[in-house]
Amino acid sequence: MKTRDLTTGGVLVALAMILFYLANILTTSTITIFTLTLFIPIIAYLRCNLKTAIVVYLSSSFLGFALFSPILGVAYFILGSYGIIKSFIESKDNLILETVLKLITFTIMGIILLLIASPFMLPYLSEPIFGIGLAFPTDIYATSLVNVDDSTMGIFTTPVILVIFILIGFVVDYALTLLVQTYYKYFKNL
């Protein structure tokens with residue numbers, strides 16, 4: 001790697017850590033801050049090359065896991081690659097194919113996140129996720145810190161959570177597109 005790529009990557013990883021810190025401190029705008037964090041590997045890809053983008057993505061994931069919280073690090077490890085995947089998807093120049101590939105990508109990422117998060121979401125789920133049995137048995141509701149009535153259990157089922165994740169994914173995709181356009185308009189020549 002060139003010295004320019006290393007320094008740019010280091011600055012971008014530091015910026016990602018600042019954004020992780022802000023996401024931990026601020027109780028609002030978490031999705032906005034996380035979207036800005038997802039933009040960091042895209043900047044590395046646009047400024048340098050794919051290798052630098054992957055190093056920035058992996059370094060940010062590891063440091064987010066080690067310094068802040070394992071959940072944040074794992075979530076960023078799963079979702080942080082979307083910026084790099086997005087650049088490959090949008091190189092197809094076919095809107096229908098791009099939309100289908102993005103839908104598949106969001107679905108896979110959502111399923112992986114649901115499988116990882118199912119033990120933490122247990123009081124809100126009515127059944128184990130995808131029948132794999134990652135959720136705890138139902139008697140844990142008695143010892144749960146959050147008491148949820150059985151009548152509200154049907155609201156937060158796995159398909160609803162997955163659809164909400166996909167919708168949020170398309171909103172984040174649009175925000176990333178606007179960030180890339182803004183980058184090209186104002187910051188490309190810096």
# chains A, B, ... in the order shown; residues from 1 in each chain; ligands from 1

$ residues_around --residues "Gly169 of chain A" --least-positions-apart "6" --cutoff "9 Å" --atoms "only C-alpha atoms" --output "PyMOL selection string"
chain A and resi 102-103+106

$ residues_around --residues "segment 183-186 of chain A" --least-positions-apart "5" --cutoff "12 Å" --atoms "only C-alpha atoms" --output "list in words"
Phe39, Ile40, Ile42, Ile43, Ala44, Leu46, Arg47, Leu176, Thr177 and Leu178 of chain A

$ write_last_selection --atoms "all heavy atoms" --output "compact mmCIF listing (two decimals), in the first residue's frame"
# COMPACT_ATOMS: atom_id res chain seq x y z
N PHE A 39 -20.60 5.08 5.38
CA PHE A 39 -20.03 5.84 4.27
C PHE A 39 -18.49 5.86 4.31
O PHE A 39 -17.85 6.12 3.30
CB PHE A 39 -20.59 7.27 4.31
CG PHE A 39 -20.20 8.12 3.15
CD1 PHE A 39 -20.49 7.74 1.86
CD2 PHE A 39 -19.53 9.31 3.35
CE1 PHE A 39 -20.12 8.53 0.78
CE2 PHE A 39 -19.17 10.12 2.29
CZ PHE A 39 -19.47 9.72 0.99
N ILE A 40 -17.90 5.54 5.45
CA ILE A 40 -16.44 5.59 5.62
C ILE A 40 -15.72 4.66 4.64
O ILE A 40 -14.79 5.08 3.95
CB ILE A 40 -16.05 5.30 7.08
CG1 ILE A 40 -16.67 6.33 8.02
CG2 ILE A 40 -14.55 5.23 7.26
CD1 ILE A 40 -16.14 7.71 7.93
N ILE A 42 -16.77 3.62 1.83
CA ILE A 42 -17.02 4.15 0.49
C ILE A 42 -16.03 5.26 0.18
O ILE A 42 -15.49 5.34 -0.94
CB ILE A 42 -18.47 4.64 0.35
CG1 ILE A 42 -19.45 3.49 0.52
CG2 ILE A 42 -18.70 5.32 -0.99
CD1 ILE A 42 -20.90 3.91 0.56
N ILE A 43 -15.78 6.12 1.15
CA ILE A 43 -14.79 7.19 0.96
C ILE A 43 -13.42 6.59 0.68
O ILE A 43 -12.70 7.05 -0.21
CB ILE A 43 -14.74 8.13 2.18
CG1 ILE A 43 -16.04 8.89 2.34
CG2 ILE A 43 -13.58 9.12 2.06
CD1 ILE A 43 -16.12 9.70 3.61
N ALA A 44 -13.07 5.55 1.44
CA ALA A 44 -11.78 4.89 1.21
C ALA A 44 -11.71 4.30 -0.20
O ALA A 44 -10.67 4.37 -0.86
CB ALA A 44 -11.55 3.80 2.25
N LEU A 46 -13.46 5.37 -2.87
CA LEU A 46 -13.43 6.46 -3.85
C LEU A 46 -12.10 7.20 -3.84
O LEU A 46 -11.62 7.64 -4.88
CB LEU A 46 -14.58 7.44 -3.58
CG LEU A 46 -16.00 6.89 -3.76
CD1 LEU A 46 -17.02 7.93 -3.33
CD2 LEU A 46 -16.23 6.47 -5.19
N ARG A 47 -11.51 7.39 -2.66
CA ARG A 47 -10.27 8.13 -2.53
C ARG A 47 -9.05 7.31 -2.93
O ARG A 47 -8.10 7.83 -3.51
CB ARG A 47 -10.06 8.57 -1.09
CG ARG A 47 -10.77 9.79 -0.67
CD ARG A 47 -10.13 10.90 -1.25
NE ARG A 47 -9.88 12.10 -0.54
CZ ARG A 47 -9.84 13.24 -1.20
NH1 ARG A 47 -10.06 13.26 -2.49
NH2 ARG A 47 -9.57 14.33 -0.59
N LEU A 176 -26.92 6.93 1.35
CA LEU A 176 -25.55 6.72 0.88
C LEU A 176 -25.36 7.25 -0.54
O LEU A 176 -24.31 7.81 -0.86
CB LEU A 176 -25.18 5.23 0.94
CG LEU A 176 -24.93 4.65 2.33
CD1 LEU A 176 -24.71 3.15 2.25
CD2 LEU A 176 -23.75 5.32 3.00
N THR A 177 -26.38 7.09 -1.38
CA THR A 177 -26.31 7.64 -2.73
C THR A 177 -26.19 9.16 -2.69
O THR A 177 -25.38 9.75 -3.42
CB THR A 177 -27.56 7.23 -3.55
OG1 THR A 177 -27.62 5.80 -3.59
CG2 THR A 177 -27.51 7.78 -4.96
N LEU A 178 -26.97 9.80 -1.83
CA LEU A 178 -26.87 11.25 -1.68
C LEU A 178 -25.50 11.67 -1.13
O LEU A 178 -24.93 12.69 -1.56
CB LEU A 178 -27.97 11.77 -0.77
CG LEU A 178 -29.40 11.68 -1.31
CD1 LEU A 178 -30.39 12.17 -0.26
CD2 LEU A 178 -29.54 12.46 -2.60

$ residues_around --residues "Ala175 of chain A" --least-positions-apart "6" --cutoff "9 Å" --atoms "only C-alpha atoms" --output "PyMOL selection string"
chain A and resi 32+35-36

$ residues_around --residues "segment 68-79 of chain A" --least-positions-apart "2" --cutoff "9 Å" --atoms "only C-alpha atoms" --output "PDB file with C-alpha atoms, in the first residue's frame"
ATOM      1  CA  MET A  17     -14.288   5.613  15.859  1.00  0.00           C
ATOM      2  CA  PHE A  20     -19.057   5.077  16.963  1.00  0.00           C
ATOM      3  CA  TYR A  21     -18.431   7.177  20.066  1.00  0.00           C
ATOM      4  CA  ASN A  24     -22.898   5.520  21.981  1.00  0.00           C
ATOM      5  CA  PHE A  34     -24.562   4.634  11.580  1.00  0.00           C
ATOM      6  CA  THR A  37     -20.209   5.288   9.506  1.00  0.00           C
ATOM      7  CA  LEU A  38     -21.231   3.067   6.584  1.00  0.00           C
ATOM      8  CA  TYR A  57     -13.852  -1.663   6.949  1.00  0.00           C
ATOM      9  CA  LEU A  58     -12.141  -4.526   8.816  1.00  0.00           C
ATOM     10  CA  SER A  60     -13.282  -0.207  11.973  1.00  0.00           C
ATOM     11  CA  SER A  61     -15.191  -3.416  12.684  1.00  0.00           C
ATOM     12  CA  PHE A  62     -12.467  -4.786  14.942  1.00  0.00           C
ATOM     13  CA  LEU A  63     -11.941  -1.521  16.820  1.00  0.00           C
ATOM     14  CA  GLY A  64     -15.700  -0.992  17.198  1.00  0.00           C
ATOM     15  CA  PHE A  65     -15.935  -4.484  18.669  1.00  0.00           C
ATOM     16  CA  ALA A  66     -12.951  -4.004  21.000  1.00  0.00           C
ATOM     17  CA  SER A  81     -19.499  -4.095   3.853  1.00  0.00           C
ATOM     18  CA  TYR A  82     -22.633  -2.748   2.182  1.00  0.00           C
ATOM     19  CA  GLY A  83     -20.847   0.336   0.857  1.00  0.00           C
ATOM     20  CA  MET A 109     -27.876  -9.094   6.067  1.00  0.00           C
ATOM     21  CA  ILE A 112     -27.784 -12.788   9.706  1.00  0.00           C
ATOM     22  CA  LEU A 113     -28.509  -9.931  12.121  1.00  0.00           C
ATOM     23  CA  ILE A 116     -27.265 -13.101  15.946  1.00  0.00           C
ATOM     24  CA  ALA A 117     -29.685 -10.836  17.797  1.00  0.00           C
TER      25      ALA A 117
END

$ atom_distance --atom1 "atom CA of Leu12 of chain A" --atom2 "atom CA of Glu90 of chain A"
23.0 Å

$ atom_distance --atom1 "atom CA of Phe165 of chain A" --atom2 "atom CA of Ile104 of chain A"
12.2 Å

$ atom_distance --atom1 "atom CA of Glu98 of chain A" --atom2 "atom CA of Lys86 of chain A"
8.9 Å

$ closest_residue --among "A:Ile31, A:Ile85, A:Asn94, A:Gly110" --to "Ala53 of chain A" --atoms "only C-alpha atoms"
A:Ile85
